[in-house]
file query_20.cif (mmCIF, C-alpha atoms (C1' of nucleotides))
data_start
#
loop_
_atom_site.label_atom_id
_atom_site.label_comp_id
_atom_site.auth_asym_id
_atom_site.auth_seq_id
_atom_site.Cartn_x
_atom_site.Cartn_y
_atom_site.Cartn_z
CA MET C 14 271.28 155.33 22.13
CA ASN C 15 272.99 154.39 25.35
CA PRO C 16 271.71 155.85 28.62
CA LEU C 17 274.94 157.73 29.28
CA ILE C 18 274.54 159.72 26.06
CA GLU C 19 270.91 160.33 26.93
CA GLN C 20 272.03 161.86 30.22
CA PHE C 21 274.68 164.02 28.54
CA LYS C 22 272.06 165.40 26.18
CA LYS C 23 270.04 166.68 29.10
CA TYR C 24 272.79 169.20 29.83
CA GLY C 25 273.53 170.59 26.37
CA TYR C 26 273.78 169.94 22.64
CA LEU C 27 275.87 166.88 21.73
CA ASN C 28 276.61 166.57 18.03
CA GLU C 29 276.68 163.19 16.28
CA VAL C 30 280.45 163.01 16.00
CA ILE C 31 280.98 163.47 19.73
CA ALA C 32 278.03 161.19 20.56
CA ALA C 33 279.66 158.45 18.45
CA GLU C 34 282.96 158.95 20.29
CA VAL C 35 281.21 158.71 23.65
CA GLU C 36 279.37 155.61 22.43
CA LYS C 37 282.67 154.00 21.43
CA ARG C 38 284.10 154.57 24.90
CA THR C 39 281.04 153.57 26.91
CA ARG C 40 281.35 150.30 28.77
CA TYR C 41 278.41 148.19 29.85
CA PHE C 42 278.47 146.13 33.04
CA PHE C 43 276.02 143.86 34.76
CA LYS C 44 276.65 143.60 38.49
CA LYS C 45 275.00 141.48 41.16
CA LYS C 46 273.75 142.86 44.45
CA GLY C 47 276.65 143.19 46.89
CA GLU C 48 279.38 143.61 44.25
CA HIS C 49 281.57 146.70 44.20
CA PHE C 50 282.13 149.15 41.38
CA LEU C 51 284.78 151.27 43.08
CA ARG C 52 287.00 150.69 46.10
CA GLU C 53 288.56 153.19 48.47
CA GLY C 54 292.07 154.10 47.35
CA GLN C 55 291.44 153.65 43.61
CA HIS C 56 292.35 156.40 41.18
CA ALA C 57 290.60 155.04 38.11
CA SER C 58 287.00 156.13 38.06
CA SER C 59 284.09 157.00 35.80
CA TYR C 60 280.91 158.89 35.23
CA PHE C 61 278.13 156.32 35.03
CA VAL C 62 274.40 155.73 34.77
CA LEU C 63 272.25 152.81 35.94
CA SER C 64 269.56 151.67 33.53
CA THR C 65 268.30 149.40 36.30
CA GLY C 66 269.49 148.96 39.85
CA LEU C 67 270.52 150.82 42.97
CA ILE C 68 273.86 151.87 44.35
CA ARG C 69 275.35 153.28 47.52
CA ALA C 70 278.59 155.13 48.20
CA TYR C 71 280.09 154.59 51.65
CA PHE C 72 283.32 155.14 53.52
CA LEU C 73 284.80 153.90 56.76
CA LYS C 74 284.87 156.09 59.86
CA ASN C 75 286.35 154.54 63.00
CA GLY C 76 285.84 151.10 61.48
CA ARG C 77 282.17 151.70 60.73
CA GLU C 78 280.57 152.09 57.35
CA MET C 79 278.86 155.41 56.70
CA ASN C 80 276.81 156.02 53.58
CA SER C 81 277.55 159.21 51.68
CA TRP C 82 274.92 158.93 48.92
CA PHE C 83 272.56 156.63 47.04
CA GLY C 84 272.03 156.43 43.29
CA GLU C 85 268.95 155.31 41.41
CA GLU C 86 268.14 154.75 37.74
CA ASN C 87 268.72 157.45 35.12
CA GLN C 88 270.88 159.83 37.04
CA ILE C 89 274.49 160.50 36.11
CA PHE C 90 277.03 160.17 38.91
CA GLY C 91 280.56 159.37 39.89
CA SER C 92 282.79 159.63 42.88
CA ILE C 93 283.72 163.31 43.08
CA LEU C 94 287.32 163.05 44.21
CA PRO C 95 288.66 160.61 41.58
CA VAL C 96 286.50 162.08 38.80
CA TYR C 97 287.40 165.74 39.43
CA THR C 98 290.97 165.39 40.72
CA GLU C 99 294.00 163.11 40.49
CA LYS C 100 293.37 162.00 44.05
CA PRO C 101 292.27 158.48 44.98
CA SER C 102 288.73 157.83 46.14
CA PHE C 103 288.00 157.76 49.87
CA GLU C 104 284.69 156.08 49.21
CA ASN C 105 283.47 152.70 48.04
CA ILE C 106 280.63 152.19 45.61
CA GLN C 107 278.52 149.07 46.03
CA PHE C 108 275.38 147.73 44.36
CA LEU C 109 272.35 147.31 46.59
CA GLU C 110 270.40 145.52 43.85
CA ASP C 111 271.35 143.68 40.65
CA SER C 112 272.26 146.53 38.28
CA GLU C 113 273.05 147.40 34.68
CA ILE C 114 275.62 150.19 34.33
CA TYR C 115 276.88 152.29 31.44
CA ALA C 116 280.17 154.00 32.27
CA ILE C 117 282.82 156.20 30.70
CA SER C 118 286.22 156.42 32.35
CA VAL C 119 287.70 159.72 33.49
CA ASP C 120 290.68 159.18 31.21
CA ASP C 121 288.47 158.70 28.17
CA LEU C 122 286.33 161.67 29.13
CA ASN C 123 289.34 163.93 29.61
CA GLU C 124 290.60 162.91 26.19
CA LEU C 125 287.24 163.90 24.70
CA TYR C 126 287.25 167.24 26.54
CA ARG C 127 290.63 167.89 24.91
CA ILE C 128 289.69 166.83 21.38
CA TYR C 129 286.19 168.37 21.44
CA PRO C 130 286.36 171.51 23.64
CA GLU C 131 282.64 172.17 23.15
CA LEU C 132 282.00 169.08 25.31
CA ASN C 133 283.17 171.20 28.25
CA LEU C 134 279.77 172.93 28.19
CA ILE C 135 278.11 169.66 29.19
CA GLY C 136 280.88 168.91 31.68
CA ARG C 137 280.38 172.33 33.21
CA LYS C 138 276.62 171.93 33.47
CA ILE C 139 276.96 168.54 35.14
CA ALA C 140 279.45 169.85 37.72
CA GLU C 141 277.20 172.87 38.35
CA GLU C 142 274.23 170.61 38.99
CA VAL C 143 276.33 168.51 41.36
CA CYS C 144 277.09 171.73 43.26
CA ILE C 145 273.38 172.42 43.69
CA ILE C 146 272.77 168.92 45.04
CA LEU C 147 275.75 169.13 47.40
CA GLU C 148 274.66 172.52 48.66
CA GLU C 149 271.21 171.15 49.46
CA ARG C 150 272.81 168.36 51.48
CA ILE C 151 274.99 170.88 53.34
CA MET C 152 271.92 172.93 54.26
CA SER C 153 270.21 169.81 55.55
CA LEU C 154 273.18 168.74 57.69
CA HIS C 155 273.89 172.29 58.84
CA THR C 156 270.44 173.45 59.87
CA GLU C 157 268.11 170.49 60.37
CA SER C 158 267.42 168.08 63.24
CA ALA C 159 267.54 164.34 62.63
CA ALA C 160 263.77 164.22 62.07
CA GLU C 161 263.91 167.13 59.61
CA ARG C 162 266.78 165.51 57.67
CA TYR C 163 264.68 162.38 57.35
CA GLN C 164 261.82 164.47 55.94
CA SER C 165 264.21 166.15 53.49
CA LEU C 166 265.42 162.78 52.24
CA ILE C 167 261.83 161.63 51.69
CA ARG C 168 261.19 164.84 49.74
CA LEU C 169 264.30 164.54 47.55
CA GLN C 170 264.51 160.78 46.99
CA PRO C 171 261.11 159.32 47.96
CA ASN C 172 261.76 155.89 46.39
CA LEU C 173 264.79 155.17 48.52
CA ILE C 174 262.77 154.64 51.68
CA ASN C 175 261.18 151.51 50.23
CA ARG C 176 264.31 150.10 48.62
CA ILE C 177 266.93 150.59 51.33
CA ASN C 178 267.06 149.27 54.87
CA LEU C 179 266.88 151.44 57.94
CA GLY C 180 270.52 151.06 58.93
CA HIS C 181 271.74 152.38 55.58
CA ILE C 182 269.39 155.36 55.72
CA ALA C 183 270.33 156.18 59.30
CA SER C 184 274.02 156.23 58.47
CA TYR C 185 273.32 158.51 55.49
CA LEU C 186 271.47 160.89 57.82
CA GLY C 187 274.30 160.79 60.35
CA ILE C 188 272.25 159.18 63.12
CA THR C 189 271.92 155.72 64.64
CA GLN C 190 269.46 153.12 63.50
CA GLU C 191 267.71 153.25 66.89
CA THR C 192 267.17 157.00 66.61
CA LEU C 193 265.72 156.65 63.11
CA SER C 194 263.39 153.89 64.27
CA ARG C 195 262.13 156.22 67.02
CA ILE C 196 261.73 159.11 64.59
CA ARG C 197 259.61 157.02 62.27
CA ARG C 198 257.20 155.98 64.96
CA MET X 24 295.66 192.30 34.81
CA ASN X 25 292.62 192.27 37.03
CA PRO X 26 292.42 189.71 39.85
CA LEU X 27 289.39 188.00 38.32
CA ILE X 28 291.35 187.18 35.17
CA GLU X 29 294.25 186.01 37.31
CA GLN X 30 291.89 183.57 39.01
CA PHE X 31 290.45 182.32 35.73
CA LYS X 32 293.96 181.60 34.47
CA LYS X 33 294.56 179.25 37.37
CA TYR X 34 291.97 176.89 35.90
CA GLY X 35 292.98 176.77 32.24
CA TYR X 36 294.36 178.67 29.27
CA LEU X 37 292.68 182.00 28.59
CA ASN X 38 293.66 183.60 25.29
CA GLU X 39 294.11 187.34 24.92
CA VAL X 40 290.87 187.93 23.07
CA ILE X 41 288.76 186.30 25.76
CA ALA X 42 290.83 187.91 28.53
CA ALA X 43 290.10 191.32 26.99
CA GLU X 44 286.37 190.52 26.88
CA VAL X 45 286.41 189.50 30.51
CA GLU X 46 288.36 192.65 31.37
CA LYS X 47 285.75 194.77 29.61
CA ARG X 48 282.95 193.19 31.66
CA THR X 49 284.70 193.20 35.01
CA ARG X 50 283.34 195.67 37.51
CA TYR X 51 285.29 197.05 40.43
CA PHE X 52 283.64 197.93 43.74
CA PHE X 53 284.86 199.30 47.01
CA LYS X 54 282.62 198.35 49.91
CA LYS X 55 282.72 199.33 53.57
CA LYS X 56 282.48 196.82 56.38
CA GLY X 57 278.83 195.94 57.00
CA GLU X 58 277.61 196.66 53.46
CA HIS X 59 275.92 193.94 51.42
CA PHE X 60 276.88 192.62 48.01
CA LEU X 61 273.92 190.27 47.54
CA ARG X 62 270.55 189.99 49.25
CA GLU X 63 268.30 187.00 49.70
CA GLY X 64 265.76 186.80 46.87
CA GLN X 65 267.96 188.41 44.22
CA HIS X 66 268.47 186.71 40.88
CA ALA X 67 271.28 188.88 39.55
CA SER X 68 274.58 187.57 40.76
CA SER X 69 278.26 187.26 39.88
CA TYR X 70 281.51 185.43 40.20
CA PHE X 71 283.86 187.66 42.13
CA VAL X 72 287.25 188.01 43.78
CA LEU X 73 288.40 190.17 46.69
CA SER X 74 291.79 191.82 46.27
CA THR X 75 291.49 192.93 49.88
CA GLY X 76 288.81 192.24 52.43
CA LEU X 77 286.66 189.57 53.97
CA ILE X 78 283.15 188.40 53.27
CA ARG X 79 280.51 186.13 54.77
CA ALA X 80 277.46 184.43 53.27
CA TYR X 81 274.54 183.92 55.64
CA PHE X 82 270.86 183.04 55.58
CA LEU X 83 267.99 183.25 58.01
CA LYS X 84 266.72 180.16 59.82
CA ASN X 85 263.87 180.69 62.28
CA GLY X 86 264.72 184.38 62.39
CA ARG X 87 268.38 183.76 63.22
CA GLU X 88 271.34 184.41 60.99
CA MET X 89 273.45 181.36 60.12
CA ASN X 90 276.71 181.67 58.24
CA SER X 91 277.17 179.37 55.27
CA TRP X 92 280.71 180.33 54.24
CA PHE X 93 283.47 182.93 54.50
CA GLY X 94 285.62 184.31 51.69
CA GLU X 95 289.10 185.74 51.86
CA GLU X 96 291.42 187.41 49.36
CA ASN X 97 292.29 185.82 46.04
CA GLN X 98 289.69 183.11 45.86
CA ILE X 99 286.95 183.09 43.27
CA PHE X 100 283.41 182.68 44.55
CA GLY X 101 279.77 183.39 44.06
CA SER X 102 276.45 182.33 45.47
CA ILE X 103 275.84 178.89 44.00
CA LEU X 104 272.10 179.06 43.42
CA PRO X 105 271.90 182.32 41.44
CA VAL X 106 275.19 181.69 39.61
CA TYR X 107 274.40 178.12 38.51
CA THR X 108 270.61 178.32 38.10
CA GLU X 109 267.83 180.78 37.34
CA LYS X 110 266.69 180.59 40.94
CA PRO X 111 266.99 183.48 43.37
CA SER X 112 269.56 183.41 46.13
CA PHE X 113 268.55 182.18 49.58
CA GLU X 114 271.66 183.70 51.07
CA ASN X 115 272.99 187.18 51.76
CA ILE X 116 276.57 188.23 51.18
CA GLN X 117 278.02 190.85 53.50
CA PHE X 118 281.45 192.40 53.96
CA LEU X 119 283.11 191.82 57.32
CA GLU X 120 285.94 194.24 56.50
CA ASP X 121 286.36 197.11 54.04
CA SER X 122 286.85 195.30 50.72
CA GLU X 123 287.84 195.74 47.09
CA ILE X 124 285.92 193.46 44.71
CA TYR X 125 286.27 192.55 41.05
CA ALA X 126 283.11 190.93 39.71
CA ILE X 127 281.62 189.61 36.49
CA SER X 128 277.87 189.14 36.26
CA VAL X 129 276.30 185.79 35.46
CA ASP X 130 274.63 187.29 32.40
CA ASP X 131 277.92 188.57 31.01
CA LEU X 132 279.63 185.30 31.79
CA ASN X 133 276.93 183.26 30.07
CA GLU X 134 277.26 185.45 27.02
CA LEU X 135 281.00 184.76 26.95
CA TYR X 136 280.43 181.01 27.35
CA ARG X 137 278.20 181.22 24.27
CA ILE X 138 280.55 183.29 22.13
CA TYR X 139 283.74 181.55 23.23
CA PRO X 140 282.85 177.89 23.94
CA GLU X 141 286.44 177.12 24.97
CA LEU X 142 285.79 179.25 28.09
CA ASN X 143 283.61 176.38 29.28
CA LEU X 144 286.78 174.50 30.19
CA ILE X 145 287.56 177.10 32.85
CA GLY X 146 283.93 177.20 33.93
CA ARG X 147 283.95 173.42 34.29
CA LYS X 148 287.16 173.43 36.31
CA ILE X 149 285.82 176.08 38.67
CA ALA X 150 282.57 174.18 39.26
CA GLU X 151 284.53 170.95 39.78
CA GLU X 152 286.71 172.63 42.39
CA VAL X 153 283.60 173.97 44.12
CA CYS X 154 282.32 170.38 44.29
CA ILE X 155 285.52 169.29 46.07
CA ILE X 156 285.15 172.07 48.63
CA LEU X 157 281.46 171.33 49.19
CA GLU X 158 282.15 167.63 49.60
CA GLU X 159 284.76 168.39 52.25
CA ARG X 160 282.20 170.45 54.14
CA ILE X 161 279.63 167.65 53.88
CA MET X 162 282.12 165.16 55.33
CA SER X 163 282.82 167.53 58.18
CA LEU X 164 279.14 168.07 59.01
CA HIS X 165 278.29 164.40 58.47
CA THR X 166 280.99 162.68 60.47
CA GLU X 167 282.62 165.09 62.89
CA SER X 168 281.78 166.33 66.40
CA ALA X 169 281.64 170.06 67.09
CA ALA X 170 285.24 170.06 68.33
CA GLU X 171 286.44 168.17 65.24
CA ARG X 172 284.62 170.57 62.92
CA TYR X 173 286.38 173.45 64.62
CA GLN X 174 289.73 171.72 64.02
CA SER X 175 288.81 171.16 60.36
CA LEU X 176 288.01 174.84 59.92
CA ILE X 177 291.36 175.80 61.43
CA ARG X 178 293.06 173.39 59.02
CA LEU X 179 291.24 174.66 55.92
CA GLN X 180 290.98 178.39 56.64
CA PRO X 181 293.47 179.17 59.43
CA ASN X 182 293.31 182.94 58.98
CA LEU X 183 289.61 183.17 59.66
CA ILE X 184 289.97 182.44 63.36
CA ASN X 185 291.79 185.74 63.90
CA ARG X 186 289.59 187.84 61.64
CA ILE X 187 286.08 186.71 62.57
CA ASN X 188 284.28 186.78 65.89
CA LEU X 189 283.26 183.71 67.81
CA GLY X 190 279.53 184.01 67.14
CA HIS X 191 280.04 183.99 63.37
CA ILE X 192 282.33 180.97 63.53
CA ALA X 193 279.97 179.06 65.82
CA SER X 194 277.04 179.59 63.48
CA TYR X 195 279.17 178.39 60.55
CA LEU X 196 279.98 175.22 62.52
CA GLY X 197 276.33 174.71 63.39
CA ILE X 198 276.79 175.11 67.15
CA THR X 199 276.13 177.84 69.71
CA GLN X 200 278.63 180.46 70.70
CA GLU X 201 278.69 179.06 74.26
CA THR X 202 279.63 175.59 73.02
CA LEU X 203 282.44 176.97 70.86
CA SER X 204 283.76 178.99 73.77
CA ARG X 205 283.88 175.78 75.84
CA ILE X 206 285.56 173.84 73.03
CA ARG X 207 288.28 176.43 72.74
CA ARG X 208 289.17 176.30 76.40
"C1'" DA D 13 292.66 206.48 82.47
"C1'" DT D 14 287.49 205.93 82.18
"C1'" DA D 15 283.27 204.57 80.51
"C1'" DC D 16 280.59 202.29 77.06
"C1'" DG D 17 279.14 198.74 74.03
"C1'" DA D 18 280.41 194.45 72.04
"C1'" DT D 19 282.26 189.99 72.66
"C1'" DT D 20 283.46 186.00 75.27
"C1'" DT D 21 283.18 183.07 79.22
"C1'" DT D 22 280.94 180.68 83.01
"C1'" DG D 23 277.15 178.26 85.51
"C1'" DA D 24 272.90 175.66 86.00
"C1'" DT D 25 269.65 173.10 83.79
"C1'" DA D 26 267.16 170.97 79.67
"C1'" DT D 27 266.96 168.29 75.45
"C1'" DA D 28 268.38 165.53 71.41
"C1'" DA D 29 270.67 161.83 70.19
"C1'" DG D 30 274.04 157.92 71.32
"C1'" DT D 31 275.13 153.35 73.47
"C1'" DC D 32 274.40 148.76 74.79
"C1'" DA D 33 271.44 144.93 75.42
"C1'" DA D 34 267.61 142.40 74.35
"C1'" DA D 35 263.07 141.45 72.37
"C1'" DA D 36 260.07 141.45 68.40
"C1'" DA D 37 259.16 141.28 63.61
"C1'" DA D 38 260.22 140.28 58.88
"C1'" DA D 39 262.58 137.93 55.19
"C1'" DG D 40 264.93 133.88 53.33
"C1'" DC D 41 265.52 129.12 52.96
"C1'" DC D 42 265.16 123.94 53.09
"C1'" DG J 14 255.47 125.09 57.67
"C1'" DG J 15 259.22 125.55 60.73
"C1'" DC J 16 264.01 127.17 61.28
"C1'" DT J 17 267.62 130.56 60.71
"C1'" DT J 18 269.27 135.00 59.72
"C1'" DT J 19 268.56 139.75 59.14
"C1'" DT J 20 266.22 143.86 60.23
"C1'" DT J 21 263.58 146.75 63.23
"C1'" DT J 22 261.87 148.14 67.65
"C1'" DT J 23 262.02 148.88 72.63
"C1'" DG J 24 264.11 150.02 77.19
"C1'" DA J 25 267.48 151.98 80.46
"C1'" DC J 26 271.04 154.85 80.84
"C1'" DT J 27 274.88 158.18 79.12
"C1'" DT J 28 276.79 161.98 76.62
"C1'" DA J 29 277.05 166.05 73.63
"C1'" DT J 30 275.17 170.14 72.84
"C1'" DA J 31 271.39 173.76 73.57
"C1'" DT J 32 269.25 177.24 76.38
"C1'" DC J 33 268.91 181.06 79.45
"C1'" DA J 34 271.00 184.15 82.59
"C1'" DA J 35 274.73 186.53 84.35
"C1'" DA J 36 279.54 187.78 84.90
"C1'" DA J 37 283.97 188.82 82.94
"C1'" DT J 38 286.84 190.62 79.39
"C1'" DC J 39 288.09 193.30 75.45
"C1'" DG J 40 288.18 197.32 72.25
"C1'" DT J 41 287.61 201.83 71.37
"C1'" DA J 42 286.35 206.70 71.76
"C1'" DT J 43 286.52 210.39 74.79
#

call {"tool": "encode", "arguments": {"input": "query_20.cif", "output": "structure tokens"}}
result
Amino acid sequence: MNPLIEQFKKYGYLNEVIAAEVEKRTRYFFKKKGEHFLREGQHASSYFVLSTGLIRAYFLKNGREMNSWFGEENQIFGSILPVYTEKPSFENIQFLEDSEIYAISVDDLNELYRIYPELNLIGRKIAEEVCIILEERIMSLHTESAAERYQSLIRLQPNLINRINLGHIASYLGITQETLSRIRR
Amino acid sequence: MNPLIEQFKKYGYLNEVIAAEVEKRTRYFFKKKGEHFLREGQHASSYFVLSTGLIRAYFLKNGREMNSWFGEENQIFGSILPVYTEKPSFENIQFLEDSEIYAISVDDLNELYRIYPELNLIGRKIAEEVCIILEERIMSLHTESAAERYQSLIRLQPNLINRINLGHIASYLGITQETLSRIRR
DNA sequence: ATACGATTTTGATATAAGTCAAAAAAAGCC
DNA sequence: GGCTTTTTTTGACTTATATCAAAATCGTAT
């Protein structure tokens, strides 16, 4: 069973017919560290899962890269704007380690939502969970100091600290690398 | 047709049977300015729509109130945590003007999702739209200065500026009232 | 119109975090 | 192992925003 289907099953019952249809539309990729999966401006996008690897989403602000999120193994994710709307992505998705990805395109998924309406339960649950995660990030940015945001990241994604360099983490937290270095000390 | 059903219909097709079931479970409230609709710690919650009025969601941080969002007429909203999970709300919802509300409880809604699985399409679309709005707020908090966040608020919810006092807006932006006063000048 | 409470503005000073430059440390590479 | 490149830390100084206190303005009821 592919890891994408495994993730779907966490959110609700997926019968064998639909699972087979998802299987048929799942694409596997192997990507080297540094390669991109999605570029700013693209419309085509997917939900995807890493069976191994690490990923970051970033965008450009005044010519500088800023990280918007990181993804580890066995989580389902996608770029919100192109997955949930017709609008192009404003973010880029890049691999920080060699990675294996299982992905289903938005077009294929929308077709399945249409043919098998009961799949919308899983789609709803996923979007609802994304809301929870986004709200937690909003709270962190809204109410916490730089040092507190760093603590929150450690609490929510403890592995990241050892896999990602300081500059990437600082830009995710919305502070400079120098400030983060001072916080850590 | 009640305003809650009108909102649902924006997100997808709602047949007459389901519309009637929603109608049956919709509750109408009239609330005076200053009254609360939801208190921190409550589990019971709802999706709701104001036909007239204005609402704020706030929480306590170090004994101070901070506003997390504002709601105007003819938008659907709810408190994310109690609506999308079993967890109690960390926020309070209070009316800033006399308001008329049409609400459906999470329990009733979940029952309808179960009986009429096709309703999950609308539920998915709503949650997906919430994600878009939350992501926009994250971008604002993550990348913008206080003055830029104020501009973003004016762009996204231009009416609020005239209906809500400075202190409330400042706390929503994550700055002090004094700073906002200086930005405005 | 007047007086009261609520809201907004102003001023002086303090603090958190940013910037720029350079040094130190760590990771890759032949 | 020594050399290069990348990453992290340190230092000096600047800027954005917070804090505390007080004054000014606005809104509303009498």

call {"tool": "closest_atom_pairs", "arguments": {"input": "query_20.cif", "of": "chain C", "to": "chain X", "cutoff": "8 Å", "atoms": "all atoms listed in the file", "output": "JSON lines"}}
result
{"residue": "C:Lys74", "atom": "CA", "partner": "X:Thr166", "partner_atom": "CA", "distance": 7.7}
{"residue": "C:Ile93", "atom": "CA", "partner": "X:Ile155", "partner_atom": "CA", "distance": 6.9}
{"residue": "C:Leu94", "atom": "CA", "partner": "X:Ile155", "partner_atom": "CA", "distance": 6.8}
{"residue": "C:Tyr97", "atom": "CA", "partner": "X:Glu151", "partner_atom": "CA", "distance": 6.0}
{"residue": "C:Pro130", "atom": "CA", "partner": "X:Glu141", "partner_atom": "CA", "distance": 5.8}
{"residue": "C:Glu131", "atom": "CA", "partner": "X:Pro140", "partner_atom": "CA", "distance": 5.8}
{"residue": "C:Asn133", "atom": "CA", "partner": "X:Leu144", "partner_atom": "CA", "distance": 5.3}
{"residue": "C:Leu134", "atom": "CA", "partner": "X:Asn143", "partner_atom": "CA", "distance": 5.3}
{"residue": "C:Gly136", "atom": "CA", "partner": "X:Arg147", "partner_atom": "CA", "distance": 6.0}
{"residue": "C:Arg137", "atom": "CA", "partner": "X:Arg147", "partner_atom": "CA", "distance": 3.9}
{"residue": "C:Lys138", "atom": "CA", "partner": "X:Arg147", "partner_atom": "CA", "distance": 7.5}
{"residue": "C:Ala140", "atom": "CA", "partner": "X:Ala150", "partner_atom": "CA", "distance": 5.6}
{"residue": "C:Glu141", "atom": "CA", "partner": "X:Ala150", "partner_atom": "CA", "distance": 5.6}
{"residue": "C:Glu142", "atom": "CA", "partner": "X:Tyr107", "partner_atom": "CA", "distance": 7.5}
{"residue": "C:Val143", "atom": "CA", "partner": "X:Cys154", "partner_atom": "CA", "distance": 6.9}
{"residue": "C:Cys144", "atom": "CA", "partner": "X:Cys154", "partner_atom": "CA", "distance": 5.5}
{"residue": "C:Ile145", "atom": "CA", "partner": "X:Leu104", "partner_atom": "CA", "distance": 6.8}
{"residue": "C:Leu147", "atom": "CA", "partner": "X:Leu157", "partner_atom": "CA", "distance": 6.4}
{"residue": "C:Glu148", "atom": "CA", "partner": "X:Leu157", "partner_atom": "CA", "distance": 6.9}
{"residue": "C:Arg150", "atom": "CA", "partner": "X:Ile161", "partner_atom": "CA", "distance": 7.3}
{"residue": "C:Ile151", "atom": "CA", "partner": "X:Ile161", "partner_atom": "CA", "distance": 5.7}
{"residue": "C:Leu154", "atom": "CA", "partner": "X:Leu164", "partner_atom": "CA", "distance": 6.1}
{"residue": "C:His155", "atom": "CA", "partner": "X:Gly197", "partner_atom": "CA", "distance": 5.7}
{"residue": "C:Thr156", "atom": "CA", "partner": "X:Gly197", "partner_atom": "CA", "distance": 7.0}
{"residue": "C:Leu186", "atom": "CA", "partner": "X:His165", "partner_atom": "CA", "distance": 7.7}
{"residue": "C:Gly187", "atom": "CA", "partner": "X:His165", "partner_atom": "CA", "distance": 5.7}

call {"tool": "interface_residues", "arguments": {"input": "query_20.cif", "of": "chain J", "to": "chain C", "cutoff": "8 Å", "atoms": "only C-alpha atoms (C1' of nucleotides)", "output": "VMD selection string"}}
result
chain J and resid 20 to 22

call {"tool": "resolve_selection", "arguments": {"input": "query_20.cif", "expression": "the PyMOL selection byres ((chain C) within 9 of (chain D))", "output": "list in words"}}
result
Ser158, Ala159, Ile188, Thr189 and Thr192 of chain C

call {"tool": "atom_distance", "arguments": {"input": "query_20.cif", "atom1": "CA of Ile28 (chain X)", "atom2": "CA of His59 (chain X)"}}
result
23.4 Å

call {"tool": "atom_distance", "arguments": {"input": "query_20.cif", "atom1": "CA of Glu96 (chain X)", "atom2": "CA of Asn185 (chain X)"}}
result
14.6 Å

call {"tool": "resolve_selection", "arguments": {"input": "query_20.cif", "expression": "the PyMOL selection byres ((chain C and resi 113) around 12)", "output": "PyMOL selection string"}}
result
chain C and resi 15-17+40-46+50+61-68+85-87+108-112+114-116

call {"tool": "axis_aligned_box", "arguments": {"input": "query_20.cif", "around": "region 18-29 of chain D", "padding_each_side": "3 Å", "output": "AutoDock Vina command-line options"}}
result
--center_x 275.2 --center_y 178.1 --center_z 78.1 --size_x 22.5 --size_y 38.6 --size_z 21.8

call {"tool": "atom_distance", "arguments": {"input": "query_20.cif", "atom1": "CA of Glu161 (chain C)", "atom2": "C1' of DC33 (chain J)"}}
result
24.8 Å
